[in-house]
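Undergrad: TSV, C-alpha atoms, file coords.tsv:
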chain	number	residue	atom	x	y	z
U	1	MET	CA	14.91	9.63	-41.28
U	2	ILE	CA	17.13	8.65	-38.40
U	3	ARG	CA	16.46	10.27	-35.06
U	4	PRO	CA	19.68	9.91	-33.06
U	5	LEU	CA	18.05	9.54	-29.66
U	6	GLU	CA	15.51	6.86	-30.54
U	7	HIS	CA	17.46	4.93	-33.16
U	8	ILE	CA	21.02	5.02	-31.84
U	9	ILE	CA	21.44	6.12	-28.24
U	10	ILE	CA	18.58	4.22	-26.59
U	11	PRO	CA	19.25	0.87	-28.37
U	12	ILE	CA	22.96	1.09	-27.60
U	13	GLY	CA	22.19	1.94	-23.97
U	14	LEU	CA	19.78	-1.00	-23.71
U	15	ILE	CA	22.33	-3.36	-25.27
U	16	ALA	CA	24.96	-2.10	-22.81
U	17	VAL	CA	22.62	-2.66	-19.84
U	18	GLY	CA	21.75	-6.13	-21.14
U	19	GLY	CA	25.40	-6.98	-21.55
U	20	LEU	CA	26.16	-5.77	-18.04
U	21	LEU	CA	23.33	-7.89	-16.60
U	22	GLY	CA	24.47	-10.96	-18.55
U	23	TRP	CA	28.04	-10.44	-17.45
U	24	SER	CA	27.12	-10.11	-13.77
U	25	PHE	CA	24.90	-13.19	-14.03
U	26	PHE	CA	27.82	-15.08	-15.58
U	27	LEU	CA	30.12	-13.94	-12.77
U	28	ALA	CA	27.56	-14.89	-10.12
U	29	VAL	CA	27.14	-18.38	-11.60
U	30	THR	CA	30.80	-19.16	-12.21
U	31	GLY	CA	32.50	-17.31	-9.35
U	32	ASP	CA	33.44	-19.10	-6.14
U	33	THR	CA	30.90	-18.66	-3.40
U	34	GLY	CA	32.98	-17.82	-0.35
U	35	GLU	CA	31.28	-17.60	3.03
U	36	ARG	CA	27.58	-16.84	2.68
U	37	LEU	CA	25.85	-14.56	5.16
U	38	ALA	CA	22.87	-16.91	5.40
U	39	ALA	CA	24.80	-19.58	7.28
U	40	VAL	CA	26.21	-17.03	9.73
U	41	ALA	CA	22.77	-15.54	10.35
U	42	LEU	CA	21.05	-18.93	10.73
U	43	ALA	CA	23.60	-19.96	13.37
U	44	ARG	CA	22.73	-16.92	15.49
U	45	VAL	CA	18.92	-17.12	15.21
U	46	PRO	CA	18.54	-18.65	18.72
U	47	ASP	CA	20.19	-15.53	20.21
U	48	SER	CA	17.85	-13.13	18.46
U	49	GLY	CA	14.84	-13.52	20.78
U	50	VAL	CA	12.57	-15.00	18.06
U	51	SER	CA	12.80	-18.38	16.38
U	52	ASN	CA	11.57	-17.36	12.91
U	53	PRO	CA	14.71	-16.64	10.84
U	54	VAL	CA	12.97	-14.01	8.70
U	55	THR	CA	11.73	-12.02	11.70
U	56	SER	CA	15.10	-12.31	13.41
U	57	VAL	CA	16.83	-10.83	10.38
U	58	LEU	CA	14.22	-8.11	9.83
U	59	LEU	CA	13.82	-6.98	13.41
U	60	ASN	CA	17.17	-7.86	14.98
U	61	PHE	CA	20.15	-8.35	12.67
U	62	ARG	CA	19.03	-5.75	10.15
U	63	ALA	CA	16.68	-3.71	12.33
U	64	TYR	CA	18.19	-0.51	10.94
U	65	ASP	CA	16.92	-1.41	7.45
U	66	THR	CA	13.47	-2.05	8.84
U	67	LEU	CA	13.46	1.34	10.56
U	68	LEU	CA	14.21	2.91	7.20
U	69	GLU	CA	11.38	0.90	5.60
U	70	PHE	CA	8.96	2.34	8.15
U	71	ALA	CA	10.32	5.78	7.26
U	72	VAL	CA	9.77	5.10	3.53
U	73	LEU	CA	6.12	4.25	4.18
U	74	LEU	CA	5.71	7.41	6.25
U	75	ALA	CA	7.34	9.51	3.54
U	76	ALA	CA	5.01	7.97	0.91
U	77	LEU	CA	1.98	8.92	2.98
U	78	LEU	CA	3.31	12.45	3.46
U	79	GLY	CA	3.71	12.67	-0.31
U	80	ILE	CA	0.09	11.58	-0.81
U	81	TRP	CA	-1.14	14.06	1.79
U	82	SER	CA	0.78	16.87	0.13
U	83	LEU	CA	-1.42	16.41	-2.97
U	84	GLY	CA	-4.39	17.90	-1.15
U	85	ALA	CA	-7.60	16.74	0.43
U	86	ALA	CA	-9.17	13.38	-0.34
U	87	ASP	CA	-12.07	13.48	-2.75
U	88	THR	CA	-15.50	12.35	-1.70
U	89	GLY	CA	-15.47	8.64	-1.05
U	90	PHE	CA	-17.85	5.95	-2.19
U	91	GLN	CA	-21.54	6.15	-1.51
U	92	PRO	CA	-22.80	4.28	1.56
U	93	ALA	CA	-23.10	0.58	0.92
U	94	ALA	CA	-26.33	-1.33	0.55
U	95	SER	CA	-27.30	-3.71	3.31
U	96	VAL	CA	-25.67	-6.84	1.85
U	97	LEU	CA	-22.23	-5.25	1.44
U	98	ASP	CA	-22.64	-3.50	4.77
U	99	GLY	CA	-23.35	-6.79	6.49
U	100	MET	CA	-20.35	-8.44	4.84
U	101	VAL	CA	-18.08	-5.58	5.87
U	102	ALA	CA	-19.42	-5.69	9.42
U	103	GLY	CA	-18.45	-9.36	9.53
U	104	PHE	CA	-15.11	-9.16	7.76
U	105	VAL	CA	-13.54	-6.13	9.44
U	106	PRO	CA	-13.39	-7.64	12.95
U	107	LEU	CA	-12.11	-10.87	11.40
U	108	LEU	CA	-9.34	-8.95	9.60
U	109	ILE	CA	-8.35	-7.16	12.81
U	110	LEU	CA	-8.28	-10.47	14.66
U	111	SER	CA	-6.12	-12.11	12.00
U	112	ALA	CA	-3.81	-9.08	12.03
U	113	GLY	CA	-3.26	-9.66	15.74
U	114	TYR	CA	-2.64	-13.34	15.10
U	115	MET	CA	-0.24	-12.57	12.26
U	116	LEU	CA	1.68	-10.18	14.49
U	117	TRP	CA	2.01	-12.71	17.30
U	118	VAL	CA	2.79	-15.73	15.11
U	119	GLY	CA	5.61	-13.84	13.38
U	120	ALA	CA	7.94	-14.76	16.24
U	121	TYR	CA	8.10	-18.41	15.25
U	122	ALA	CA	6.32	-18.89	11.90
U	123	PRO	CA	5.75	-16.90	8.70
U	124	GLY	CA	4.10	-13.62	9.54
U	125	GLY	CA	5.17	-10.36	11.13
U	126	ALA	CA	4.56	-6.66	11.24
U	127	PHE	CA	4.26	-5.97	7.51
U	128	GLN	CA	1.76	-8.76	6.85
U	129	ALA	CA	-0.24	-7.85	9.95
U	130	GLY	CA	-0.17	-4.18	8.94
U	131	ALA	CA	-1.38	-5.11	5.47
U	132	LEU	CA	-4.33	-6.96	6.98
U	133	LEU	CA	-5.20	-3.92	9.14
U	134	GLY	CA	-4.85	-1.71	6.08
U	135	SER	CA	-7.14	-3.93	4.05
U	136	ALA	CA	-9.73	-3.65	6.82
U	137	GLY	CA	-9.51	0.12	6.31
U	138	VAL	CA	-9.79	-0.27	2.52
U	139	MET	CA	-12.87	-2.42	2.98
U	140	LEU	CA	-14.48	0.23	5.19
U	141	ALA	CA	-13.64	2.89	2.61
U	142	LEU	CA	-15.20	0.82	-0.17
U	143	ALA	CA	-18.35	0.44	1.91
U	144	GLY	CA	-18.70	4.20	2.10
U	145	HIS	CA	-17.07	5.12	5.40
U	146	ARG	CA	-15.46	8.43	4.52
U	147	ASN	CA	-12.39	8.12	6.72
U	148	ALA	CA	-11.98	4.35	6.40
U	149	GLY	CA	-12.46	3.99	10.15
U	150	LEU	CA	-9.36	6.07	10.86
U	151	PRO	CA	-9.33	8.54	13.75
U	152	SER	CA	-9.28	12.31	13.31
U	153	GLU	CA	-6.23	13.90	11.73
U	154	GLY	CA	-4.47	14.83	14.96
U	155	ARG	CA	-4.55	11.29	16.28
U	156	LEU	CA	-3.92	9.84	12.84
U	157	ARG	CA	-0.65	11.77	12.59
U	158	ILE	CA	0.54	10.21	15.84
U	159	LEU	CA	-0.59	6.80	14.66
U	160	VAL	CA	1.23	6.83	11.31
U	161	ALA	CA	4.45	8.09	12.92
U	162	LEU	CA	4.28	5.49	15.67
U	163	GLY	CA	6.40	2.84	13.90
U	164	VAL	CA	9.32	5.14	13.16
U	165	PHE	CA	9.02	6.79	16.58
U	166	VAL	CA	8.99	3.62	18.67
U	167	CYS	CA	11.72	1.98	16.61
U	168	ALA	CA	14.01	5.02	16.72
U	169	MET	CA	13.36	5.70	20.41
U	170	THR	CA	14.08	2.08	21.30
U	171	GLY	CA	17.34	2.30	19.41
U	172	LEU	CA	18.31	5.59	21.03
U	173	LEU	CA	17.44	4.36	24.54
U	174	LEU	CA	19.53	1.25	23.93
U	175	MET	CA	22.38	3.52	22.89
U	176	VAL	CA	21.98	5.50	26.12
U	177	ALA	CA	21.96	2.22	28.05
U	178	GLY	CA	25.34	1.34	26.55
U	179	ASP	CA	24.48	-1.07	23.74
U	180	GLY	CA	24.64	-0.16	20.07
U	181	PHE	CA	21.77	1.42	18.13
U	182	LEU	CA	19.03	-1.27	18.01
U	183	THR	CA	21.35	-3.88	19.55
U	184	TYR	CA	19.04	-5.64	21.97
U	185	PRO	CA	20.32	-7.08	25.26
U	186	PRO	CA	19.73	-10.87	25.16
U	187	GLY	CA	17.02	-11.13	27.81
U	188	LEU	CA	14.95	-8.24	26.51
U	189	ALA	CA	15.19	-8.97	22.78
U	190	LYS	CA	11.85	-10.78	22.48
U	191	TRP	CA	9.89	-8.03	24.23
U	192	LEU	CA	11.60	-5.18	22.44
U	193	ILE	CA	10.92	-6.87	19.09
U	194	LEU	CA	7.29	-7.39	20.07
U	195	LEU	CA	7.00	-3.74	21.13
U	196	ILE	CA	8.46	-2.46	17.86
U	197	GLU	CA	6.37	-4.86	15.78
U	198	THR	CA	3.15	-3.87	17.56
U	199	ALA	CA	3.79	-0.18	16.99
U	200	ALA	CA	4.82	-0.87	13.40
U	201	THR	CA	1.69	-2.93	12.71
U	202	LEU	CA	-0.57	-0.11	13.87
U	203	ALA	CA	1.44	2.43	11.90
U	204	ILE	CA	1.55	0.37	8.70
U	205	GLY	CA	-2.16	-0.41	8.89
U	206	ALA	CA	-3.07	3.24	9.41
U	207	THR	CA	-0.64	4.36	6.70
U	208	LEU	CA	-1.98	1.96	4.07
U	209	ALA	CA	-5.61	2.76	4.85
U	210	ALA	CA	-4.85	6.49	4.77
U	211	ALA	CA	-2.97	6.06	1.50
U	212	TYR	CA	-6.02	4.41	-0.02
U	213	LEU	CA	-8.11	7.48	0.79
U	214	GLY	CA	-5.70	9.36	-1.47
U	215	GLY	CA	-5.41	12.68	0.30
U	216	ARG	CA	-5.42	14.47	3.62
U	217	PRO	CA	-8.31	13.33	5.80
U	218	THR	CA	-11.25	15.70	5.78
U	219	ALA	CA	-12.45	17.34	8.96
U	220	HIS	CA	-15.67	15.35	9.15
U	221	PRO	CA	-16.16	13.22	12.23
U	222	THR	CA	-15.46	9.54	11.77
U	223	SER	CA	-17.76	6.61	12.13
U	224	GLY	CA	-15.88	4.14	14.27
U	225	GLU	CA	-12.22	3.22	14.59
U	226	THR	CA	-10.46	0.15	13.33
U	227	THR	CA	-7.09	0.47	14.98
N	1	MET	CA	4.76	-36.84	-8.28
N	2	SER	CA	7.86	-34.79	-8.96
N	3	ALA	CA	7.18	-34.89	-12.70
N	4	LEU	CA	3.72	-33.49	-12.02
N	5	LEU	CA	5.25	-30.73	-9.90
N	6	THR	CA	7.72	-29.93	-12.65
N	7	VAL	CA	4.87	-29.56	-15.13
N	8	PHE	CA	3.05	-27.36	-12.62
N	9	ASP	CA	6.14	-25.19	-12.14
N	10	LEU	CA	6.62	-24.89	-15.88
N	11	LEU	CA	2.98	-23.89	-16.39
N	12	LEU	CA	3.25	-21.41	-13.51
N	13	THR	CA	6.37	-19.80	-14.95
N	14	LEU	CA	4.95	-19.56	-18.45
N	15	THR	CA	1.68	-18.09	-17.20
N	16	LEU	CA	3.61	-15.60	-15.08
N	17	LEU	CA	5.74	-14.48	-18.01
N	18	GLY	CA	2.70	-14.21	-20.27
N	19	LEU	CA	0.80	-12.20	-17.66
N	20	ALA	CA	3.78	-9.90	-17.20
N	21	LEU	CA	3.95	-9.27	-20.93
N	22	VAL	CA	0.21	-8.62	-21.23
N	23	THR	CA	0.32	-6.32	-18.17
N	24	VAL	CA	3.15	-4.22	-19.55
N	25	THR	CA	1.71	-3.94	-23.05
N	26	SER	CA	-1.87	-3.27	-21.94
N	27	ARG	CA	-3.04	0.18	-22.99
N	28	GLU	CA	-5.87	0.73	-20.56
N	29	PRO	CA	-4.71	1.44	-16.97
N	30	ARG	CA	-7.62	-0.33	-15.35
N	31	ARG	CA	-7.04	-3.51	-17.35
N	32	ALA	CA	-3.31	-3.35	-16.61
N	33	VAL	CA	-3.95	-3.05	-12.87
N	34	ILE	CA	-6.33	-6.01	-12.83
N	35	LEU	CA	-3.78	-8.09	-14.75
N	36	PHE	CA	-1.11	-6.91	-12.30
N	37	ILE	CA	-3.20	-8.21	-9.39
N	38	ALA	CA	-3.49	-11.59	-11.11
N	39	PHE	CA	0.27	-11.48	-11.69
N	40	GLY	CA	0.87	-10.77	-7.99
N	41	LEU	CA	-1.29	-13.68	-6.88
N	42	LEU	CA	0.56	-16.05	-9.20
N	43	LEU	CA	3.87	-14.64	-7.98
N	44	ALA	CA	2.77	-15.45	-4.43
N	45	LEU	CA	2.27	-19.06	-5.59
N	46	VAL	CA	5.78	-19.02	-7.04
N	47	TRP	CA	7.22	-17.83	-3.72
N	48	ALA	CA	5.32	-20.58	-1.96
N	49	ARG	CA	6.77	-23.13	-4.42
N	50	LEU	CA	10.25	-21.74	-3.68
N	51	ARG	CA	9.53	-22.48	0.00
N	52	ALA	CA	9.51	-18.81	1.02
N	53	PRO	CA	6.14	-18.56	2.82
N	54	ASP	CA	7.00	-15.18	4.35
N	55	LEU	CA	7.48	-13.67	0.93
N	56	ALA	CA	4.38	-15.41	-0.38
N	57	LEU	CA	2.29	-13.88	2.41
N	58	ALA	CA	3.76	-10.43	1.87
N	59	GLU	CA	3.33	-10.66	-1.90
N	60	ALA	CA	-0.29	-11.75	-1.68
N	61	ALA	CA	-1.23	-9.19	0.99
N	62	ILE	CA	0.83	-6.16	-0.03
N	63	GLY	CA	2.01	-6.78	-3.59
N	64	ALA	CA	-1.26	-8.04	-5.02
N	65	GLY	CA	-3.94	-6.91	-2.57
N	66	LEU	CA	-3.12	-3.46	-1.26
N	67	SER	CA	-0.98	-2.19	-4.13
N	68	GLY	CA	-3.69	-3.41	-6.46
N	69	ALA	CA	-6.35	-1.52	-4.53
N	70	LEU	CA	-4.17	1.61	-4.44
N	71	MET	CA	-3.46	1.45	-8.17
N	72	LEU	CA	-7.12	0.79	-9.00
N	73	ALA	CA	-8.01	3.93	-7.05
N	74	ALA	CA	-5.28	5.85	-8.87
N	75	ALA	CA	-6.49	4.58	-12.26
N	76	ARG	CA	-10.06	5.57	-11.40
N	77	ARG	CA	-8.93	9.04	-10.41
N	78	ALA	CA	-6.69	9.45	-13.45
N	79	SER	CA	-9.43	8.43	-15.88
N	80	GLY	CA	-11.88	10.76	-14.15
N	81	ARG	CA	-9.42	13.61	-14.52
N	82	LYS	CA	-8.66	12.77	-18.12
N	83	THR	CA	-12.24	12.64	-19.39
N	84	SER	CA	-13.43	15.81	-17.66
N	85	PRO	CA	-11.43	18.53	-19.50
N	86	ALA	CA	-11.96	17.79	-23.21
N	87	GLU	CA	-12.04	15.20	-25.96
N	88	GLU	CA	-8.36	15.50	-26.70
N	89	SER	CA	-7.70	12.59	-24.36
N	90	ASP	CA	-9.61	10.26	-26.68
N	91	THR	CA	-7.04	10.52	-29.43
N	92	GLU	CA	-4.34	9.85	-26.88
N	93	ASP	CA	-6.02	6.65	-25.78
N	94	ALA	CA	-6.71	5.30	-29.24
N	95	PRO	CA	-4.43	2.44	-30.23
Step by step, read the file and then write its structure as structure tokens.

TA:
Amino acid sequence: MIRPLEHIIIPIGLIAVGGLLGWSFFLAVTGDTGERLAAVALARVPDSGVSNPVTSVLLNFRAYDTLLEFAVLLAALLGIWSLGAADTGFQPAASVLDGMVAGFVPLLILSAGYMLWVGAYAPGGAFQAGALLGSAGVMLALAGHRNAGLPSEGRLRILVALGVFVCAMTGLLLMVAGDGFLTYPPGLAKWLILLIETAATLAIGATLAAAYLGGRPTAHPTSGETT
Amino acid sequence: MSALLTVFDLLLTLTLLGLALVTVTSREPRRAVILFIAFGLLLALVWARLRAPDLALAEAAIGAGLSGALMLAAARRASGRKTSPAEESDTEDAP
């Protein structure tokens, strides 16, 4: 028995998608290249305030995209929180795991700070640093800290919105000052990028740790802060 | 030296493709997530071989580490929810 959806429509659709992909790959391989954006961007890296090309693209040339990425993370967390309260976490860790966590969490926070700072001239940056902060929170959650070291909900809300807020406010203030949205004046670029990255690191770290808890934070008092 | 690197790249690519296939076809969520973490770590190696250390860092930290932890938590919660109501879930899981 032939079911039209499974036996005809889906295979034909898949073949069409495959053909389209093959055709665009063929065009990309055989077509003439024209002027690539990479060369243009690389030539302007010295003006961007940081010497790492990746950071200069993420935080300067395409800062608008990065602002939207912060917003995506915030929206994801809001989606998780809308599912209800977090369930009860893990049971408190035994002494060996507790000792390991007590050693690793400060180390993770320290390397997050290093990753944030080194992003100006070497691989690193806000997202990697935020991931390290978030993993410190995950580690605390696994060791039985109910709120993963995050502050109470009121302060946590401010913290997770910090990246979008600082980035958008910087852009708006620059607009008021006469430059374009997120178009940094040459002398200030380094410090504005550092400001945005610092706020974004805290926000990303808090967002990822809060996402791991899997629900709105409960009202219980916390046991220490990581951020 | 370059021949050795070529062999390494070839092995890396084949392992990556194999892991991807096993991850997608794996029936148990927990197993799939663990395979996905291994896949992410190997993908970070691939980015490093392509001389994109930024991407390698991001892939290892976010793609493999944190997404893996998030999905493990989700798998744990989903399996807890599935086993609690009734036995009907068992037939669904059976291969």

Undergrad: Listing only residues of chain U within 7 Å of chain N, what is the closest atom pair and its distance in Å (to one decimal) for each, using all atoms listed in the file, sorted by chain and residue number ascending, as JSON lines?

TA:
{"residue": "U:Pro123", "atom": "CA", "partner": "N:Asp54", "partner_atom": "CA", "distance": 4.8}
{"residue": "U:Gly124", "atom": "CA", "partner": "N:Asp54", "partner_atom": "CA", "distance": 6.1}
{"residue": "U:Gln128", "atom": "CA", "partner": "N:Ala58", "partner_atom": "CA", "distance": 5.6}
{"residue": "U:Ala131", "atom": "CA", "partner": "N:Ile62", "partner_atom": "CA", "distance": 6.0}
{"residue": "U:Ser135", "atom": "CA", "partner": "N:Leu66", "partner_atom": "CA", "distance": 6.7}
{"residue": "U:Tyr212", "atom": "CA", "partner": "N:Leu70", "partner_atom": "CA", "distance": 5.5}

Undergrad: Hey, can you spit out that residue selection with C-alpha atoms as a short mmCIF file (atom, residue, chain, number, x, y, z; two decimals), keeping the file's coordinate frame?

TA:
data_model
loop_
_atom_site.label_atom_id
_atom_site.label_comp_id
_atom_site.auth_asym_id
_atom_site.auth_seq_id
_atom_site.Cartn_x
_atom_site.Cartn_y
_atom_site.Cartn_z
CA PRO U 123 5.75 -16.90 8.70
CA GLY U 124 4.10 -13.62 9.54
CA GLN U 128 1.76 -8.76 6.85
CA ALA U 131 -1.38 -5.11 5.47
CA SER U 135 -7.14 -3.93 4.05
CA TYR U 212 -6.02 4.41 -0.02
#

Undergrad: May I have the centre and edge lengths, in Å to one decimal, of an axis-aligned box around the listed atoms of segment 101-117 of chain U with 4 Å added to every side, as lines of an AutoDock Vina configuration file?

TA:
center_x = -8.7
center_y = -9.5
center_z = 11.6
size_x = 29.4
size_y = 15.8
size_z = 19.4

Undergrad: Please return, as a PyMOL selection string, all polymer residues that have at least one atom within 6 Å of the point (15.0, -3.4, 18.9); use only C-alpha atoms and the file's own coordinate frame.

TA: chain U and resi 182+184+192-193

Undergrad: Which value, in Å to one decimal, gives the distance between atom CA of Ala102 of chain U and atom CA of Leu140 of chain U?

TA: 8.8 Å

Undergrad: Which one of U:Leu202, U:Leu159, U:Ala63, U:Val57 sits closest to Leu133 of chain U if you count all atoms listed in the file?

TA: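 Answer, going by the shortest atom-to-atom distance: U:Leu202.
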
Undergrad: Hey, can you check how far atom CA of Val72 of chain U sits from atom CA of Ile109 of chain U?

TA: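 According to the coordinates, atom CA of Val72 of chain U and atom CA of Ile109 of chain U are separated by 23.8 Å.
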
Undergrad: What does the distance between atom CA of Phe127 of chain U and atom CA of Thr88 of chain U come to in Å, to one decimal place?

TA: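 Rounded to one decimal, the two atoms are 28.5 Å apart.
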
Undergrad: Please supply segment 72-81 of chain N, rebuilt with all heavy atoms, as a tab-separated table (two decimals), in the coordinates of the input.

TA:
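Once everything was written out, this is out-v7.tsv:
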chain	number	residue	atom	x	y	z
N	72	LEU	N	-5.77	0.68	-8.43
N	72	LEU	CA	-7.12	0.79	-9.00
N	72	LEU	C	-7.70	2.17	-8.69
N	72	LEU	O	-8.31	2.82	-9.56
N	72	LEU	CB	-8.02	-0.29	-8.43
N	72	LEU	CG	-8.12	-1.60	-9.20
N	72	LEU	CD1	-9.12	-2.52	-8.53
N	72	LEU	CD2	-8.53	-1.34	-10.63
N	73	ALA	N	-7.51	2.61	-7.42
N	73	ALA	CA	-8.01	3.93	-7.05
N	73	ALA	C	-7.33	5.01	-7.88
N	73	ALA	O	-7.98	5.96	-8.36
N	73	ALA	CB	-7.78	4.17	-5.56
N	74	ALA	N	-6.02	4.85	-8.09
N	74	ALA	CA	-5.28	5.85	-8.87
N	74	ALA	C	-5.77	5.86	-10.32
N	74	ALA	O	-5.95	6.93	-10.92
N	74	ALA	CB	-3.79	5.55	-8.81
N	75	ALA	N	-6.02	4.66	-10.87
N	75	ALA	CA	-6.49	4.58	-12.26
N	75	ALA	C	-7.87	5.23	-12.40
N	75	ALA	O	-8.14	5.95	-13.36
N	75	ALA	CB	-6.54	3.12	-12.72
N	76	ARG	N	-8.72	4.98	-11.37
N	76	ARG	CA	-10.06	5.57	-11.40
N	76	ARG	C	-9.95	7.09	-11.40
N	76	ARG	O	-10.61	7.78	-12.18
N	76	ARG	CB	-10.83	5.09	-10.16
N	76	ARG	CG	-12.26	5.54	-10.08
N	76	ARG	CD	-12.95	4.81	-8.96
N	76	ARG	NE	-12.38	5.16	-7.67
N	76	ARG	CZ	-12.95	6.03	-6.82
N	76	ARG	NH1	-14.07	6.61	-7.15
N	76	ARG	NH2	-12.40	6.29	-5.66
N	77	ARG	N	-9.06	7.59	-10.51
N	77	ARG	CA	-8.93	9.04	-10.41
N	77	ARG	C	-8.33	9.63	-11.67
N	77	ARG	O	-8.76	10.68	-12.15
N	77	ARG	CB	-8.05	9.37	-9.20
N	77	ARG	CG	-8.35	10.69	-8.60
N	77	ARG	CD	-7.88	10.73	-7.16
N	77	ARG	NE	-8.53	9.73	-6.34
N	77	ARG	CZ	-8.17	9.46	-5.10
N	77	ARG	NH1	-7.15	10.08	-4.57
N	77	ARG	NH2	-8.81	8.57	-4.39
N	78	ALA	N	-7.34	8.93	-12.24
N	78	ALA	CA	-6.69	9.45	-13.45
N	78	ALA	C	-7.68	9.49	-14.62
N	78	ALA	O	-7.71	10.47	-15.36
N	78	ALA	CB	-5.49	8.57	-13.80
N	79	SER	N	-8.49	8.44	-14.77
N	79	SER	CA	-9.43	8.43	-15.88
N	79	SER	C	-10.50	9.49	-15.68
N	79	SER	O	-10.96	10.13	-16.63
N	79	SER	CB	-10.06	7.05	-16.02
N	79	SER	OG	-10.90	6.80	-14.90
N	80	GLY	N	-10.90	9.72	-14.42
N	80	GLY	CA	-11.88	10.76	-14.15
N	80	GLY	C	-11.34	12.14	-14.51
N	80	GLY	O	-12.05	12.98	-15.05
N	81	ARG	N	-10.02	12.32	-14.23
N	81	ARG	CA	-9.42	13.61	-14.52
N	81	ARG	C	-9.23	13.80	-16.01
N	81	ARG	O	-9.31	14.90	-16.54
N	81	ARG	CB	-8.08	13.71	-13.80
N	81	ARG	CG	-7.48	15.08	-13.77
N	81	ARG	CD	-6.39	15.17	-12.71
N	81	ARG	NE	-6.92	14.95	-11.37
N	81	ARG	CZ	-6.17	14.82	-10.30
N	81	ARG	NH1	-4.87	14.86	-10.40
N	81	ARG	NH2	-6.70	14.64	-9.11
